[in-house]
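Undergrad: What follows is the file data21.tsv, containing TSV, C-alpha atoms:
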chain	number	residue	atom	x	y	z
F	1	MET	CA	0.00	0.00	0.00
F	2	LYS	CA	1.29	3.46	-0.88
F	3	LYS	CA	2.35	5.71	1.95
F	4	PRO	CA	-0.27	8.45	2.42
F	5	ILE	CA	0.70	12.04	1.69
F	6	ARG	CA	0.56	14.26	4.77
F	7	LEU	CA	-1.94	17.03	4.07
F	8	ALA	CA	-2.77	20.31	5.80
F	9	ILE	CA	-6.08	22.14	5.29
F	10	VAL	CA	-6.16	25.95	5.44
F	11	GLY	CA	-9.70	27.32	5.67
F	12	CYS	CA	-11.95	24.70	7.25
F	13	GLY	CA	-15.42	25.59	5.98
F	14	ASP	CA	-18.07	23.29	4.56
F	15	HIS	CA	-16.73	23.54	1.00
F	16	ALA	CA	-13.28	22.37	2.08
F	17	ARG	CA	-14.81	19.53	4.07
F	18	ARG	CA	-17.01	18.20	1.28
F	19	SER	CA	-14.88	18.99	-1.76
F	20	HIS	CA	-11.38	18.24	-0.47
F	21	VAL	CA	-11.31	16.47	2.89
F	22	ALA	CA	-14.01	13.87	2.16
F	23	PRO	CA	-12.54	12.82	-1.21
F	24	ALA	CA	-9.01	12.86	0.23
F	25	LEU	CA	-10.11	10.37	2.87
F	26	ARG	CA	-12.19	8.26	0.46
F	27	GLY	CA	-9.24	7.87	-1.87
F	28	ARG	CA	-6.83	7.01	0.96
F	29	ASP	CA	-4.08	8.97	-0.75
F	30	PHE	CA	-3.79	11.46	2.09
F	31	VAL	CA	-3.59	11.60	5.84
F	32	ILE	CA	-4.72	14.94	7.25
F	33	THR	CA	-2.24	16.10	9.86
F	34	ALA	CA	-3.04	19.81	10.34
F	35	LEU	CA	-6.02	22.16	10.26
F	36	CYS	CA	-5.69	25.93	10.04
F	37	ASP	CA	-8.35	28.59	10.61
F	38	LEU	CA	-8.89	31.65	12.77
F	39	THR	CA	-10.10	29.71	15.81
F	40	GLU	CA	-10.05	26.09	16.88
F	41	GLU	CA	-13.83	26.24	17.17
F	42	GLN	CA	-14.06	26.84	13.41
F	43	THR	CA	-12.06	23.68	12.71
F	44	GLN	CA	-14.06	21.47	15.10
F	45	PRO	CA	-16.70	20.17	12.64
F	46	MET	CA	-13.96	19.19	10.19
F	47	ALA	CA	-11.85	17.61	12.93
F	48	ASP	CA	-14.87	15.60	14.10
F	49	SER	CA	-15.61	14.34	10.58
F	50	ILE	CA	-11.97	13.33	10.05
F	51	MET	CA	-11.86	11.40	13.30
F	52	ALA	CA	-15.16	9.67	12.50
F	53	ALA	CA	-13.97	8.67	9.04
F	54	THR	CA	-10.51	7.47	10.09
F	55	HIS	CA	-11.23	6.22	13.63
F	56	ALA	CA	-8.24	8.25	14.78
F	57	ASP	CA	-7.44	8.63	18.48
F	58	LYS	CA	-6.76	12.36	18.20
F	59	PRO	CA	-7.64	15.10	15.72
F	60	PRO	CA	-5.22	16.87	13.37
F	61	VAL	CA	-3.21	19.61	15.02
F	62	PHE	CA	-4.86	23.05	15.02
F	63	TRP	CA	-2.99	26.17	13.84
F	64	GLY	CA	-4.37	29.71	14.01
F	65	SER	CA	-2.59	31.10	10.94
F	66	ALA	CA	-0.80	29.90	7.83
F	67	GLN	CA	2.38	31.55	9.08
F	68	ARG	CA	2.29	29.59	12.35
F	69	LEU	CA	1.44	26.42	10.46
F	70	LEU	CA	4.65	26.82	8.46
F	71	THR	CA	6.86	28.18	11.23
F	72	ASP	CA	5.94	25.71	13.97
F	73	GLY	CA	4.22	22.88	12.12
F	74	GLY	CA	6.00	22.79	8.77
F	75	ASP	CA	7.57	19.40	9.39
F	76	SER	CA	4.15	17.81	9.84
F	77	PHE	CA	2.86	18.05	6.26
F	78	ASP	CA	4.00	17.71	2.65
F	79	ALA	CA	1.06	19.27	0.80
F	80	VAL	CA	-1.69	21.76	1.56
F	81	VAL	CA	-5.20	22.59	0.38
F	82	ASP	CA	-5.79	26.33	0.70
F	83	ALA	CA	-9.53	27.01	0.92
F	84	SER	CA	-9.15	30.35	2.69
F	85	PRO	CA	-10.99	33.50	1.51
F	86	ASP	CA	-10.00	34.77	-1.94
F	87	GLY	CA	-7.79	37.63	-0.80
F	88	PHE	CA	-5.38	35.26	1.00
F	89	HIS	CA	-4.76	32.83	-1.86
F	90	LEU	CA	-1.79	34.46	-3.57
F	91	ASN	CA	0.09	35.34	-0.37
F	92	HIS	CA	-0.46	31.85	1.01
F	93	LEU	CA	0.71	30.32	-2.26
F	94	ALA	CA	3.92	32.36	-2.06
F	95	MET	CA	4.55	31.17	1.52
F	96	PHE	CA	3.94	27.51	0.77
F	97	VAL	CA	6.02	27.43	-2.42
F	98	GLU	CA	8.89	29.17	-0.64
F	99	CYS	CA	8.79	26.46	2.04
F	100	GLY	CA	8.71	23.61	-0.50
F	101	LYS	CA	5.10	22.46	-0.16
F	102	HIS	CA	2.81	21.11	-2.86
F	103	VAL	CA	-0.27	23.34	-3.05
F	104	MET	CA	-3.86	23.02	-4.17
F	105	VAL	CA	-5.24	26.54	-3.92
F	106	GLU	CA	-8.91	27.25	-4.43
F	107	LYS	CA	-9.89	29.63	-7.20
F	108	PRO	CA	-9.36	32.47	-7.84
F	109	LEU	CA	-5.57	32.46	-7.55
F	110	GLY	CA	-5.53	36.26	-7.78
F	111	VAL	CA	-8.03	39.02	-7.09
F	112	LYS	CA	-6.33	42.12	-8.59
F	113	SER	CA	-5.00	42.85	-12.06
F	114	ASP	CA	-1.46	43.33	-10.76
F	115	ASP	CA	-1.40	39.88	-9.09
F	116	PHE	CA	-0.43	37.98	-12.20
F	117	GLY	CA	3.23	38.93	-12.47
F	118	LEU	CA	3.78	37.42	-9.02
F	119	LEU	CA	1.63	34.40	-9.90
F	120	ARG	CA	3.75	33.67	-12.97
F	121	ASP	CA	6.92	33.96	-10.89
F	122	LEU	CA	5.54	31.60	-8.24
F	123	LEU	CA	4.52	29.00	-10.79
F	124	ALA	CA	7.96	29.16	-12.38
F	125	GLU	CA	9.59	28.78	-8.95
F	126	ALA	CA	7.35	25.80	-8.18
F	127	GLN	CA	8.42	24.13	-11.42
F	128	ARG	CA	12.09	24.67	-10.56
F	129	LYS	CA	11.49	23.09	-7.16
F	130	GLN	CA	9.44	20.25	-8.71
F	131	LEU	CA	6.41	21.24	-6.65
F	132	ILE	CA	2.83	20.66	-7.75
F	133	VAL	CA	0.62	23.75	-7.79
F	134	THR	CA	-2.95	23.12	-8.84
F	135	SER	CA	-6.49	24.35	-8.32
F	136	CYS	CA	-10.05	23.03	-8.32
F	137	HIS	CA	-11.93	22.73	-11.63
F	138	PRO	CA	-13.98	19.58	-11.10
F	139	ARG	CA	-15.98	19.63	-14.33
F	140	ARG	CA	-13.02	17.96	-16.05
F	141	PHE	CA	-13.81	14.88	-13.95
F	142	ASP	CA	-17.63	15.02	-13.95
F	143	PRO	CA	-19.38	12.27	-16.00
F	144	PRO	CA	-21.74	14.44	-18.12
F	145	TYR	CA	-18.97	16.87	-19.06
F	146	LEU	CA	-16.68	13.99	-20.01
F	147	GLU	CA	-19.52	12.44	-22.02
F	148	LEU	CA	-20.06	15.66	-23.97
F	149	ARG	CA	-16.36	15.91	-24.78
F	150	ALA	CA	-16.32	12.31	-26.01
F	151	ARG	CA	-19.41	12.90	-28.19
F	152	LEU	CA	-18.22	16.20	-29.70
F	153	PRO	CA	-16.73	14.62	-32.89
F	154	MET	CA	-20.04	12.80	-33.51
F	155	LEU	CA	-22.00	16.01	-32.96
F	156	VAL	CA	-19.83	17.90	-35.43
F	157	LYS	CA	-20.21	15.10	-37.99
F	158	THR	CA	-23.99	15.17	-37.58
F	159	PHE	CA	-24.67	18.90	-37.31
F	160	GLY	CA	-21.68	20.60	-38.91
F	161	ARG	CA	-19.12	22.92	-37.41
F	162	LEU	CA	-19.60	24.43	-33.98
F	163	LEU	CA	-20.79	28.04	-34.02
F	164	ALA	CA	-21.48	28.80	-30.34
F	165	LEU	CA	-21.00	27.40	-26.86
F	166	GLU	CA	-23.19	28.55	-23.96
F	167	MET	CA	-22.62	27.48	-20.35
F	168	ASP	CA	-25.15	28.26	-17.64
F	169	PHE	CA	-25.66	27.31	-14.01
F	170	SER	CA	-28.35	27.83	-11.38
F	171	TYR	CA	-27.28	27.37	-7.76
F	172	HIS	CA	-28.63	28.05	-4.29
F	173	GLU	CA	-28.56	31.53	-2.78
F	174	PRO	CA	-25.21	32.71	-1.37
F	175	ASP	CA	-24.56	31.93	2.28
F	176	PRO	CA	-25.04	35.19	4.25
F	177	ALA	CA	-22.10	34.18	6.47
F	178	LYS	CA	-19.82	34.47	3.44
F	179	GLU	CA	-20.84	37.99	2.53
F	180	GLY	CA	-17.81	40.04	1.53
F	181	LEU	CA	-15.60	37.05	0.69
F	182	HIS	CA	-16.10	37.45	-3.08
F	183	ARG	CA	-16.13	40.62	-5.16
F	184	GLY	CA	-18.88	39.18	-7.35
F	185	LEU	CA	-20.08	35.96	-8.94
F	186	LEU	CA	-18.04	36.60	-12.08
F	187	ILE	CA	-14.66	36.53	-10.33
F	188	ASP	CA	-15.84	33.55	-8.30
F	189	HIS	CA	-17.12	31.46	-11.19
F	190	PHE	CA	-15.92	32.59	-14.64
F	191	SER	CA	-12.82	30.43	-14.23
F	192	HIS	CA	-14.93	27.24	-14.20
F	193	GLU	CA	-16.66	28.05	-17.47
F	194	ALA	CA	-13.42	29.20	-19.11
F	195	ASP	CA	-11.56	26.10	-17.97
F	196	TYR	CA	-14.14	23.70	-19.37
F	197	ALA	CA	-14.29	25.58	-22.67
F	198	HIS	CA	-10.52	25.17	-23.00
F	199	PHE	CA	-10.81	21.49	-22.02
F	200	LEU	CA	-13.60	20.88	-24.53
F	201	LEU	CA	-12.40	22.92	-27.50
F	202	GLY	CA	-8.69	23.48	-26.96
F	203	ARG	CA	-6.94	26.78	-26.43
F	204	CYS	CA	-7.53	29.61	-28.87
F	205	PRO	CA	-7.18	33.41	-28.68
F	206	ALA	CA	-10.46	35.00	-27.62
F	207	THR	CA	-11.96	38.33	-26.59
F	208	PHE	CA	-14.51	38.55	-23.76
F	209	HIS	CA	-16.82	41.28	-22.47
F	210	ARG	CA	-18.64	41.52	-19.16
F	211	LEU	CA	-22.38	42.11	-19.50
F	212	SER	CA	-23.40	41.90	-15.85
F	213	ASP	CA	-21.97	41.00	-12.47
F	214	ALA	CA	-23.42	40.83	-8.96
F	215	LEU	CA	-23.12	38.54	-5.98
F	216	ASP	CA	-26.03	36.42	-7.22
F	217	ARG	CA	-25.62	36.51	-11.04
F	218	TYR	CA	-23.18	37.16	-13.86
F	219	ARG	CA	-23.01	37.05	-17.65
F	220	ALA	CA	-20.04	37.38	-20.02
F	221	VAL	CA	-19.75	36.87	-23.76
F	222	GLY	CA	-16.80	36.24	-26.02
F	223	ILE	CA	-15.62	35.20	-29.45
F	224	ARG	CA	-12.71	32.89	-30.24
F	225	ASP	CA	-10.43	33.43	-33.20
F	226	ASP	CA	-11.76	30.18	-34.67
F	227	GLY	CA	-15.24	31.77	-34.83
F	228	VAL	CA	-16.90	30.00	-31.90
F	229	ALA	CA	-19.03	32.45	-29.91
F	230	LEU	CA	-19.07	31.98	-26.12
F	231	THR	CA	-21.65	32.85	-23.49
F	232	PHE	CA	-20.91	32.16	-19.83
F	233	GLN	CA	-23.57	32.91	-17.26
F	234	GLY	CA	-25.08	31.78	-13.99
F	235	SER	CA	-27.14	32.73	-10.98
F	236	ARG	CA	-27.40	31.91	-7.30
F	237	MET	CA	-31.09	32.46	-6.56
F	238	LEU	CA	-32.52	29.05	-5.62
F	239	GLY	CA	-33.92	28.37	-2.18
F	240	GLU	CA	-32.64	24.79	-2.14
F	241	LYS	CA	-29.01	23.66	-2.20
F	242	VAL	CA	-28.69	22.22	-5.70
F	243	TYR	CA	-26.20	22.50	-8.52
F	244	GLY	CA	-27.96	22.75	-11.87
F	245	GLU	CA	-25.63	23.13	-14.86
F	246	GLN	CA	-26.36	23.22	-18.58
F	247	VAL	CA	-24.26	23.37	-21.74
F	248	ARG	CA	-25.78	24.40	-25.07
F	249	MET	CA	-23.88	23.93	-28.33
F	250	ARG	CA	-25.11	25.58	-31.54
F	251	PHE	CA	-23.87	23.97	-34.74
F	252	ALA	CA	-24.28	24.91	-38.40
F	253	ARG	CA	-27.27	22.58	-38.82
F	254	GLY	CA	-28.54	21.95	-35.32
F	255	GLU	CA	-27.99	22.16	-31.61
F	256	ALA	CA	-27.36	20.02	-28.53
F	257	ILE	CA	-28.24	20.81	-24.92
F	258	LEU	CA	-26.66	18.94	-22.03
F	259	HIS	CA	-28.57	18.98	-18.73
F	260	CYS	CA	-25.95	17.82	-16.27
F	261	LYS	CA	-28.13	17.35	-13.20
F	262	ALA	CA	-30.83	15.45	-15.11
F	263	GLY	CA	-28.35	13.44	-17.19
F	264	THR	CA	-29.91	14.13	-20.58
F	265	LEU	CA	-28.55	15.27	-23.94
F	266	SER	CA	-31.17	16.82	-26.23
F	267	MET	CA	-30.34	17.16	-29.93
F	268	PHE	CA	-32.32	18.93	-32.63
F	269	HIS	CA	-31.55	18.95	-36.37
F	270	HIS	CA	-32.64	22.26	-37.90
F	271	GLY	CA	-32.90	20.82	-41.40
F	272	THR	CA	-34.91	17.67	-40.80
F	273	GLY	CA	-36.74	18.80	-37.69
F	274	ARG	CA	-35.75	15.58	-35.98
F	275	ARG	CA	-35.38	15.73	-32.21
F	276	LEU	CA	-33.58	13.13	-30.12
F	277	ASN	CA	-33.22	12.91	-26.34
F	278	ILE	CA	-30.75	10.45	-24.90
F	279	THR	CA	-29.68	9.57	-21.37
F	280	VAL	CA	-26.12	10.32	-20.34
F	281	PRO	CA	-24.42	10.09	-16.95
F	282	ALA	CA	-25.67	12.76	-14.57
F	283	THR	CA	-23.48	14.99	-12.43
F	284	ASP	CA	-21.77	13.07	-9.65
F	285	TYR	CA	-20.71	15.78	-7.21
F	286	ASP	CA	-18.56	13.42	-5.12
F	287	ARG	CA	-16.91	11.73	-8.09
F	288	ARG	CA	-15.81	14.96	-9.67
F	289	PHE	CA	-14.00	16.07	-6.52
F	290	ASP	CA	-12.59	12.58	-6.05
F	291	GLY	CA	-10.96	13.09	-9.44
F	292	VAL	CA	-9.47	16.44	-8.45
F	293	MET	CA	-7.91	15.07	-5.27
F	294	ALA	CA	-6.76	11.83	-6.89
F	295	ASN	CA	-4.93	13.82	-9.57
F	296	PHE	CA	-3.29	15.98	-6.90
F	297	ALA	CA	-1.94	12.86	-5.20
F	298	ALA	CA	-0.84	11.20	-8.45
F	299	ALA	CA	0.94	14.37	-9.61
F	300	ILE	CA	2.78	14.69	-6.28
F	301	ARG	CA	3.93	11.07	-6.57
F	302	GLY	CA	4.99	11.52	-10.22
F	303	GLU	CA	2.42	9.00	-11.42
F	304	ALA	CA	0.44	11.42	-13.61
F	305	ALA	CA	0.70	14.92	-14.99
F	306	ASN	CA	-0.97	17.76	-13.13
F	307	TYR	CA	-4.33	18.16	-14.90
F	308	LEU	CA	-3.84	21.96	-14.87
F	309	THR	CA	-0.79	23.48	-16.51
F	310	PRO	CA	0.68	26.82	-15.39
F	311	ALA	CA	-0.98	28.37	-18.46
F	312	ASP	CA	-4.34	26.95	-17.32
F	313	LEU	CA	-3.90	28.34	-13.81
F	314	ILE	CA	-3.03	31.83	-15.04
F	315	ALA	CA	-5.73	32.06	-17.71
F	316	ASN	CA	-8.47	30.69	-15.46
F	317	ALA	CA	-7.68	33.26	-12.78
F	318	GLU	CA	-6.86	36.23	-14.97
F	319	GLY	CA	-10.08	36.18	-17.01
F	320	GLY	CA	-12.36	36.75	-14.04
F	321	VAL	CA	-10.17	39.48	-12.60
F	322	ARG	CA	-9.73	41.39	-15.87
F	323	LEU	CA	-13.44	41.24	-16.66
F	324	THR	CA	-14.31	42.40	-13.14
F	325	ASP	CA	-11.79	45.26	-13.22
F	326	ASP	CA	-11.93	46.36	-16.86
F	327	GLY	CA	-15.09	44.90	-18.38
F	328	SER	CA	-13.19	43.23	-21.21
F	329	TRP	CA	-10.31	40.79	-21.63
F	330	THR	CA	-8.35	39.46	-24.57
F	331	TYR	CA	-7.02	35.96	-24.01
F	332	LEU	CA	-3.81	35.09	-25.82
F	333	PRO	CA	-2.54	31.55	-25.11
F	334	ARG	CA	1.05	31.34	-23.89
Using structure tokens, write down the structure that the file contains.

TA:
Amino acid sequence: MKKPIRLAIVGCGDHARRSHVAPALRGRDFVITALCDLTEEQTQPMADSIMAATHADKPPVFWGSAQRLLTDGGDSFDAVVDASPDGFHLNHLAMFVECGKHVMVEKPLGVKSDDFGLLRDLLAEAQRKQLIVTSCHPRRFDPPYLELRARLPMLVKTFGRLLALEMDFSYHEPDPAKEGLHRGLLIDHFSHEADYAHFLLGRCPATFHRLSDALDRYRAVGIRDDGVALTFQGSRMLGEKVYGEQVRMRFARGEAILHCKAGTLSMFHHGTGRRLNITVPATDYDRRFDGVMANFAAAIRGEAANYLTPADLIANAEGGVRLTDDGSWTYLPR
């Protein structure tokens, strides 16, 4: 059996528990040795869940700041998941890379337009030190999104070249306790839509424009140099805690709509009028985060490539920031 990787968690909220700690323990690639948040009380629910899942005699060690975690507890972990509020991500990344730790940092990796020079330097330093730096874009591991990518050649053969890609989501209302942690939904979420578009279609220069942005909704549009028009949008207005996501693809002779939560792919041929609905795998929220954490472990061990390249990390973060700050952004692959 492989030796588990010692993992620290910075920012011990519900998202970190469900999206990182639970899959880390399910996969048995990690042992969680340290928890870091403002108070020990804030880490207690996570500590309790870790002890219940692992039957451990004592909880991971608590640390009240990332600096103390590194200064006094740095020998106790090899890798870290940083799920702290957005404004801490880049500074924490700098600290962890300097101290030789592998890092999974939640998006966004930067929150200001002048953050990206430092981010590029940190990613280059991490490569020199052979450290893994990654982030969390789980759609690359989610069954319906993988199914759509696999079916894309068939869709193009049937309906002709792709003209437009639209991605949309409808989530539950924002948690009032997290008010002020994000500048808007665009900077919080654009990176997910952009990352999947790159994963699905490949990288291509593109120009984007912000149409709207608020804490509970956003909309941005763009056009790639290959002619594919892009619309990214979403809202957080539902009373129940659900994650509804849709992808619509408009082709020369028809269209396809993927309903991820329902697990259906609807296709309509504009010429013949024929409509076809087929069942595809539905979103598996746990599986997609299992994939993220499994890749983190495999990349640390040298068994697989990091699923996000430095270019991915920079582009995914920079788009949301530039659109929030400037209202437009031109993406040029590096």

Undergrad: Using only C-alpha atoms, tabulate the residues of range 70-90 of chain F lying at most 12 Å from any atom of range 36-51 of chain F, each with its closest atom pair and that distance in Å to one decimal, by chain and increasing residue number, as a Markdown table.

TA:
| residue | atom | partner | partner_atom | distance |
| --- | --- | --- | --- | --- |
| F:Leu70 | CA | F:Cys36 | CA | 10.5 |
| F:Gly73 | CA | F:Cys36 | CA | 10.6 |
| F:Val80 | CA | F:Cys36 | CA | 10.3 |
| F:Val81 | CA | F:Cys36 | CA | 10.2 |
| F:Asp82 | CA | F:Cys36 | CA | 9.3 |
| F:Ala83 | CA | F:Asp37 | CA | 9.9 |
| F:Ser84 | CA | F:Asp37 | CA | 8.2 |
| F:Pro85 | CA | F:Asp37 | CA | 10.7 |

Undergrad: Give me the residues of range 65-135 of chain F that have any atom at most 8 Å from an atom of range 288-307 of chain F; for each, the nearest atom pair and the distance in Å, rounded to one decimal. Use only C-alpha atoms, sort by chain and number, and format it as JSON lines.

TA:
{"residue": "F:His102", "atom": "CA", "partner": "F:Ile300", "partner_atom": "CA", "distance": 7.3}
{"residue": "F:Met104", "atom": "CA", "partner": "F:Phe296", "partner_atom": "CA", "distance": 7.6}
{"residue": "F:Leu131", "atom": "CA", "partner": "F:Ile300", "partner_atom": "CA", "distance": 7.5}
{"residue": "F:Ile132", "atom": "CA", "partner": "F:Ile300", "partner_atom": "CA", "distance": 6.1}
{"residue": "F:Thr134", "atom": "CA", "partner": "F:Asn306", "partner_atom": "CA", "distance": 7.1}

Undergrad: Could you write out that same residue set with C-alpha atoms as an mmCIF file, in the frame of the given file?

TA:
data_model
loop_
_atom_site.group_PDB
_atom_site.id
_atom_site.type_symbol
_atom_site.label_atom_id
_atom_site.label_comp_id
_atom_site.auth_asym_id
_atom_site.auth_seq_id
_atom_site.Cartn_x
_atom_site.Cartn_y
_atom_site.Cartn_z
ATOM 1 C CA HIS F 102 2.810 21.110 -2.860
ATOM 2 C CA MET F 104 -3.860 23.020 -4.170
ATOM 3 C CA LEU F 131 6.410 21.240 -6.650
ATOM 4 C CA ILE F 132 2.830 20.660 -7.750
ATOM 5 C CA THR F 134 -2.950 23.120 -8.840
#

Undergrad: CA of Asp195 in chain F and CA of His182 in chain F, how far apart in Å?

TA: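 Separation between CA of His182 in chain F and CA of Asp195 in chain F: 19.3 Å.
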
Undergrad: Between CA of Leu162 in chain F and CA of Leu186 in chain F, what is the distance in Å, rounded to a tenth?

TA: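 Interatomic distance here is 25.1 Å.
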
Undergrad: Using all atoms listed in the file, can you tell me which of F:Leu238, F:Leu258, F:Val228, F:Ala164 comes closest to Tyr145 in chain F?

TA: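 Ranked by minimum distance to Tyr145 in chain F, first place goes to F:Leu258.
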
Undergrad: With a distance cut-off of 8 Å and all atoms listed in the file, select the neighbouring residues of Arg161 in chain F, excluding the residue or stretch itself and same-chain residues fewer than 5 positions from it, and output the selection as a PDB file with C-alpha atoms, in the frame of the given file.

TA:
ATOM      1  CA  VAL F 156     -19.830  17.900 -35.430  1.00  0.00           C
ATOM      2  CA  PHE F 251     -23.870  23.970 -34.740  1.00  0.00           C
ATOM      3  CA  ALA F 252     -24.280  24.910 -38.400  1.00  0.00           C
TER       4      ALA F 252
END

Undergrad: For each of F:Met249, F:Leu200, F:Val61, F:Val103, take the minimum atom-to-atom distance to Phe159 in chain F, counting only C-alpha atoms, then give the residue where this is smallest.

TA: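 Distance minimum relative to Phe159 in chain F lands on F:Met249.
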
Undergrad: Could you check the closest approach to Lys157 in chain F for each of F:Ala16, F:Arg253, F:Val31, F:Gly234 and tell me which residue wins, using all atoms listed in the file?

TA: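 Closest residue, counting all atoms listed in the file: F:Arg253.
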
Undergrad: Using all atoms listed in the file, find each residue of range 73-165 of chain F with at least one atom at most 8 Å away from an atom of range 314-331 of chain F; report its shortest atom-to-atom pair and that distance in Å (one decimal), sort the rows by chain and rising residue number, and return the result as a Markdown table.

TA:
| residue | atom | partner | partner_atom | distance |
| --- | --- | --- | --- | --- |
| F:Lys107 | CA | F:Ala317 | CA | 7.0 |
| F:Pro108 | CA | F:Ala317 | CA | 5.3 |
| F:Leu109 | CA | F:Ala317 | CA | 5.7 |
| F:Gly110 | CA | F:Ala317 | CA | 6.2 |
| F:Val111 | CA | F:Val321 | CA | 5.9 |
| F:Lys112 | CA | F:Val321 | CA | 6.1 |
| F:Ser113 | CA | F:Val321 | CA | 6.2 |
| F:Phe116 | CA | F:Glu318 | CA | 7.2 |
| F:Leu119 | CA | F:Ile314 | CA | 7.4 |
| F:Arg120 | CA | F:Ile314 | CA | 7.3 |

Undergrad: Looking at F:Met237, F:Val247, F:Ala94, F:Val10, which one is nearest to Glu173 in chain F, with distances taken over all atoms listed in the file?

TA: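 Of F:Met237, F:Val247, F:Ala94, F:Val10, the one nearest Glu173 in chain F is F:Met237, counting all atoms listed in the file.
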
Undergrad: For CA of Gly87 in chain F and CA of Arg183 in chain F, quote the distance in Å rounded to one decimal.

TA: 9.9 Å

Undergrad: Write out as a PyMOL selection string which residues come within 10 Å of Leu148 in chain F when counting only C-alpha atoms, dropping same-chain ones fewer than 5 positions away.

TA: chain F and resi 143+153-155+200+247+256-258+260+265+280-281

Undergrad: Quick one: of F:Lys3, F:His259, F:Arg68, F:Arg18, who's nearest to Ala34 in chain F, counting only C-alpha atoms?

TA: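 Checking each candidate against Ala34 in chain F, we get F:Arg68 as the closest.
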